[in-house]
Each structure stands twice: as C-alpha cells, then as structure tokens.
Amino acid sequence: MPEALTLQGPAGVIEALLDAPEAGLFDAPRGTAVIAHPHPQFGGAMTNKVVQTIARAYAQCGWRAVRFNFRGVGASAGCYDEGRGEVQDLLAVAALQAPAEAPLALAGFSFGAFVAAQAAAALHAVRPIASVVLVGTAASRFAVAPVPAELHARTLVVHGEIDDTVPLASVMDWARPQILPVTVVPGGGHFFHGQLPLLKSLVARHVRAG
C-alpha cells in the first residue's frame with residue numbers, strides 16, 4: 001500500500017502518496033521519481049490509473065515513486081494556476097523528496113507531462129535528472145517545453161495512436177523539431193484502456209535501461 005505524505009508547498013499543504021520499492025528486493029532505493037497527474041479541472045488527481053501505473057513501474061525498478069495532488073486537488077491547498085503554480089508544486093515536491101545529491105526522475109501524464117517537461121527544463125541546469133517519462137503529453141493544449149538535448153537519451157515519450165484528447169499529430173509536431181523519438185502504442189487512446197500493463201512494461205524497460 002502507498003504511504004500517505006503531507007508536504008509543504010508554495011501554496012500550502014501538498015497531499016502525496018509514496019510507492020516504495022518492495023522490501024527485500026533492493027538494498028536501497030535507486031532514487032526518487034516525482035510523477036504529475038492530469039488536468040485538475042477535468043478530474044485529474046494522483047489516483048489516476050495512468051499515474052498509478054507509472055509509479056508502480058518505477059517502484060518495481062527500485063525507485064521511490066512520489067505522486068501528489070496539485071494545488072486545489074484533494075487535500076492540497078490553493079487553486080488551479082494554469083500550469084505556472086503547478087510547476088512550482090512539482091519543483092517543491094522534488095526538492096523535499098529528492099535531495100540535490102540524490103538521483104531524481106520526472107514523469108507525468110497529459111497535463112502532468114506538460115508540467116514535468118517544464119520542470120525538467122528548469123532543473124536540467126541545476127541538478128542531474130536520471131530519467132524523464134512523458135505520457136499522453138498535452139501538446140495540443142499547452143506550450144510544452146522542449147526536452148533539453150542532453151536528456152533525450154534518458155527520455156521516454158509515449159502516446160496512443162488514436163488519442164482523441166491530445167491528437168498524436170500535435171505531439172509529433174512538438175517532438176519533430178527536437179528529433180525526439182515518440183513511442184506510439186497502436187490502437188491506444190488517451191487513457192490506455194486495456195493497455196496499462198503494456199504501458200507499465202514500456203516505462204519499466206526505459207527505467208532499467210537507464
């Protein structure tokens with residue numbers, strides 16, 4: 001069972017959950033992954049199935065996986081801030097849960113992938129980032145930051161072929177100028193219904209390769 005956490009963020013309390021590596025399988029956690037959820041105004045929360053799947057993939061690979069509710073969601077204080085404050089929320093969680101000398105991974109789904117990309121761009125010059133996972137990146141709805149070139153080999157971008165929330169073409173338009181590969185799940189929709197085990201295996205394979 002995930003451990004409930006209460007963290008202090010820029011807008012007040014941040015509600016979070018920690019998925020820890022299975023005891024006995026790893027001598028010590030390999031690092032901390034911070035995972036961001038979909039759009040707060042459309043029911044997005046840290047309990048989202050895709051977010052849970054990403055967290056479990058990281059935990060399976062020996063990482064501490066911290067997912068959290070953005071400001072105004074669940075028990076987290078504050079209110080929706082169009083991505084600006086949400087990036088600050090993620091940066092606060094990363095600073096609290098992964099000290100500067102500890103390995104850090106960033107991940108997100110949909111709006112959360114937009115936020116994770118902004119955070120990766122902000123943190124890249126400040127501290128090493130072990131891996132980045134962007135799923136269903138909301139490139140048709142937000143100006144998603146490019147992934148720093150040095151992080152391309154450590155970045156996994158996954159998108160569903162028939163995503164009708166964020167069209168695949170918009171993600172390709174974002175990725176093309178960067179020459180950033182996109183892993184396309186055939187027949188996959190935005191929420192990867194029936195394909196979450198495949199998504200988990202893709203994320204786990206990427207994390208292990210890193």
# chains A, B, ... in the order shown; residues from 1 in each chain; ligands from 1

$ select_by_dssp --residues "range 90-181 of chain A" --states "strand (DSSP E or B)" --output "ChimeraX atom specification"
/A:104-109,131-135,155-160

$ closest_atom_pairs --of "range 23-88 of chain A" --to "range 93-111 of chain A" --cutoff "6 Å" --atoms "only C-alpha atoms" --output "CSV"
residue,atom,partner,partner_atom,distance
A:Gly31,CA,A:Pro103,CA,4.6
A:Thr32,CA,A:Leu104,CA,5.2
A:Ala33,CA,A:Ala105,CA,4.3
A:Val34,CA,A:Leu106,CA,5.2
A:Ile35,CA,A:Ala107,CA,4.6
A:Ala36,CA,A:Gly108,CA,4.4
A:His37,CA,A:Phe109,CA,5.6
A:Pro38,CA,A:Phe111,CA,4.7
A:His39,CA,A:Phe111,CA,5.1

$ closest_residue --among "A:Thr53, A:Gln60, A:Gln195, A:Thr47" --to "Ala23 in chain A" --atoms "only C-alpha atoms"
A:Gln60

$ closest_residue --among "A:Gly12, A:Pro2, A:Gly187, A:Gly43" --to "Ala65 in chain A" --atoms "only C-alpha atoms"
A:Pro2

$ atom_distance --atom1 "CA of Ile129 in chain A" --atom2 "CA of Ala116 in chain A"
11.6 Å

$ residues_around --residues "range 148-156 of chain A" --least-positions-apart "6" --cutoff "10 Å" --atoms "only C-alpha atoms" --output "ChimeraX atom specification"
/A:105-107,117,120-122,124-125,128-135,178-183,202-203,206-207,209-210

$ write_last_selection --atoms "C-alpha atoms" --output "JSON list (two decimals), in the first residue's frame"
[["chain", "number", "residue", "atom", "x", "y", "z"],
["A", 105, "ALA", "CA", 13.36, 11.21, -12.19],
["A", 106, "LEU", "CA", 10.44, 13.26, -13.50],
["A", 107, "ALA", "CA", 7.28, 11.87, -15.05],
["A", 117, "ALA", "CA", 8.58, 18.87, -19.15],
["A", 120, "ALA", "CA", 12.85, 19.18, -16.49],
["A", 121, "ALA", "CA", 13.77, 22.29, -18.45],
["A", 122, "ALA", "CA", 14.04, 24.30, -15.22],
["A", 124, "HIS", "CA", 18.36, 20.48, -16.04],
["A", 125, "ALA", "CA", 20.98, 23.18, -15.47],
["A", 128, "PRO", "CA", 21.20, 15.74, -12.84],
["A", 129, "ILE", "CA", 17.94, 14.13, -13.98],
["A", 130, "ALA", "CA", 18.15, 10.36, -14.28],
["A", 131, "SER", "CA", 15.09, 9.87, -16.48],
["A", 132, "VAL", "CA", 12.04, 11.62, -17.86],
["A", 133, "VAL", "CA", 8.76, 9.88, -18.78],
["A", 134, "LEU", "CA", 6.07, 11.85, -20.63],
["A", 135, "VAL", "CA", 2.81, 10.02, -21.36],
["A", 178, "GLN", "CA", 13.79, 18.29, -31.37],
["A", 179, "ILE", "CA", 14.27, 14.99, -33.26],
["A", 180, "LEU", "CA", 12.90, 13.44, -30.07],
["A", 181, "PRO", "CA", 11.59, 9.87, -30.57],
["A", 182, "VAL", "CA", 7.95, 9.11, -29.71],
["A", 183, "THR", "CA", 6.82, 5.60, -28.79],
["A", 202, "LEU", "CA", 7.44, 0.27, -21.51],
["A", 203, "VAL", "CA", 8.18, 2.55, -18.57],
["A", 206, "HIS", "CA", 13.11, 2.52, -20.03],
["A", 207, "VAL", "CA", 13.94, 2.96, -16.34],
["A", 209, "ALA", "CA", 17.90, 0.77, -19.37],
["A", 210, "GLY", "CA", 18.92, 4.00, -17.66]]

$ atom_distance --atom1 "CA of Ala169 in chain A" --atom2 "CA of Ala57 in chain A"
26.8 Å

$ closest_residue --among "A:Arg64, A:Phe191, A:Ala143, A:Pro177" --to "Asp164 in chain A" --atoms "only C-alpha atoms"
A:Phe191

$ select_by_dssp --residues "range 7-193 of chain A" --states "helix (DSSP H, G or I)" --output "ChimeraX atom specification"
/A:40-42,49-60,84-97,111-123,149-154,168-178

$ write_last_selection --atoms "C-alpha atoms" --output "PDB file, in the first residue's frame"
ATOM      1  CA  PRO A  40      -7.044  19.431 -12.210  1.00  0.00           C
ATOM      2  CA  GLN A  41     -10.145  20.946 -13.813  1.00  0.00           C
ATOM      3  CA  PHE A  42     -11.053  17.710 -15.597  1.00  0.00           C
ATOM      4  CA  LYS A  49      -4.792   4.908 -13.268  1.00  0.00           C
ATOM      5  CA  VAL A  50      -2.059   6.005 -15.684  1.00  0.00           C
ATOM      6  CA  VAL A  51      -0.258   7.898 -12.903  1.00  0.00           C
ATOM      7  CA  GLN A  52      -0.533   4.831 -10.656  1.00  0.00           C
ATOM      8  CA  THR A  53       0.856   2.675 -13.453  1.00  0.00           C
ATOM      9  CA  ILE A  54       3.894   4.920 -13.926  1.00  0.00           C
ATOM     10  CA  ALA A  55       4.505   4.963 -10.168  1.00  0.00           C
ATOM     11  CA  ARG A  56       4.333   1.174  -9.929  1.00  0.00           C
ATOM     12  CA  ALA A  57       6.745   0.804 -12.833  1.00  0.00           C
ATOM     13  CA  TYR A  58       9.309   2.987 -11.082  1.00  0.00           C
ATOM     14  CA  ALA A  59       8.798   1.189  -7.749  1.00  0.00           C
ATOM     15  CA  GLN A  60       9.192  -2.173  -9.495  1.00  0.00           C
ATOM     16  CA  ARG A  84       2.532  28.076 -13.501  1.00  0.00           C
ATOM     17  CA  GLY A  85       1.889  27.205  -9.858  1.00  0.00           C
ATOM     18  CA  GLU A  86       1.660  23.510 -10.699  1.00  0.00           C
ATOM     19  CA  VAL A  87       5.269  23.570 -11.941  1.00  0.00           C
ATOM     20  CA  GLN A  88       6.228  25.178  -8.622  1.00  0.00           C
ATOM     21  CA  ASP A  89       4.343  22.402  -6.803  1.00  0.00           C
ATOM     22  CA  LEU A  90       6.344  19.737  -8.644  1.00  0.00           C
ATOM     23  CA  LEU A  91       9.637  21.528  -8.013  1.00  0.00           C
ATOM     24  CA  ALA A  92       8.776  21.770  -4.306  1.00  0.00           C
ATOM     25  CA  VAL A  93       7.992  18.051  -4.077  1.00  0.00           C
ATOM     26  CA  ALA A  94      11.239  17.211  -5.876  1.00  0.00           C
ATOM     27  CA  ALA A  95      13.261  19.422  -3.533  1.00  0.00           C
ATOM     28  CA  LEU A  96      11.650  17.889  -0.443  1.00  0.00           C
ATOM     29  CA  GLN A  97      11.715  14.256  -1.507  1.00  0.00           C
ATOM     30  CA  PHE A 111      -1.302  17.979 -18.296  1.00  0.00           C
ATOM     31  CA  GLY A 112       1.153  16.379 -15.869  1.00  0.00           C
ATOM     32  CA  ALA A 113       3.523  15.610 -18.752  1.00  0.00           C
ATOM     33  CA  PHE A 114       3.417  19.301 -19.710  1.00  0.00           C
ATOM     34  CA  VAL A 115       4.281  20.202 -16.109  1.00  0.00           C
ATOM     35  CA  ALA A 116       7.034  17.563 -15.919  1.00  0.00           C
ATOM     36  CA  ALA A 117       8.583  18.865 -19.151  1.00  0.00           C
ATOM     37  CA  GLN A 118       8.614  22.426 -17.774  1.00  0.00           C
ATOM     38  CA  ALA A 119      10.225  21.159 -14.561  1.00  0.00           C
ATOM     39  CA  ALA A 120      12.850  19.176 -16.487  1.00  0.00           C
ATOM     40  CA  ALA A 121      13.772  22.292 -18.453  1.00  0.00           C
ATOM     41  CA  ALA A 122      14.039  24.297 -15.216  1.00  0.00           C
ATOM     42  CA  LEU A 123      16.061  21.715 -13.286  1.00  0.00           C
ATOM     43  CA  ALA A 149      19.087  17.705 -25.818  1.00  0.00           C
ATOM     44  CA  GLU A 150      21.296  16.116 -23.159  1.00  0.00           C
ATOM     45  CA  LEU A 151      18.214  14.406 -21.699  1.00  0.00           C
ATOM     46  CA  HIS A 152      16.914  12.902 -24.946  1.00  0.00           C
ATOM     47  CA  ALA A 153      18.567   9.522 -24.364  1.00  0.00           C
ATOM     48  CA  ARG A 154      17.021   9.422 -20.884  1.00  0.00           C
ATOM     49  CA  LEU A 168      -0.826  12.182 -31.924  1.00  0.00           C
ATOM     50  CA  ALA A 169      -0.071  14.734 -34.665  1.00  0.00           C
ATOM     51  CA  SER A 170       0.301  17.514 -32.082  1.00  0.00           C
ATOM     52  CA  VAL A 171       2.886  15.514 -30.147  1.00  0.00           C
ATOM     53  CA  MET A 172       4.769  14.730 -33.350  1.00  0.00           C
ATOM     54  CA  ASP A 173       4.746  18.446 -34.215  1.00  0.00           C
ATOM     55  CA  TRP A 174       6.280  19.140 -30.777  1.00  0.00           C
ATOM     56  CA  ALA A 175       8.828  16.317 -30.997  1.00  0.00           C
ATOM     57  CA  ARG A 176       9.877  16.772 -34.649  1.00  0.00           C
ATOM     58  CA  PRO A 177      11.988  19.953 -34.272  1.00  0.00           C
ATOM     59  CA  GLN A 178      13.785  18.286 -31.367  1.00  0.00           C
TER      60      GLN A 178
END

$ atom_distance --atom1 "CA of Pro29 in chain A" --atom2 "CA of Ser76 in chain A"
26.4 Å

$ residues_around --residues "range 4-6 of chain A" --least-positions-apart "2" --cutoff "10 Å" --atoms "only C-alpha atoms" --output "list in words"
Met1, Pro2, Gln8, Gly9, Val13, Ile14, Glu15, Ala16, Leu17, Leu18, Asp19, Val66, Arg67, Phe68, Ala75 and Ser76 of chain A

$ closest_residue --among "A:Gly189, A:Pro197, A:Pro167, A:Gly83" --to "Ser140 in chain A" --atoms "only C-alpha atoms"
A:Pro167
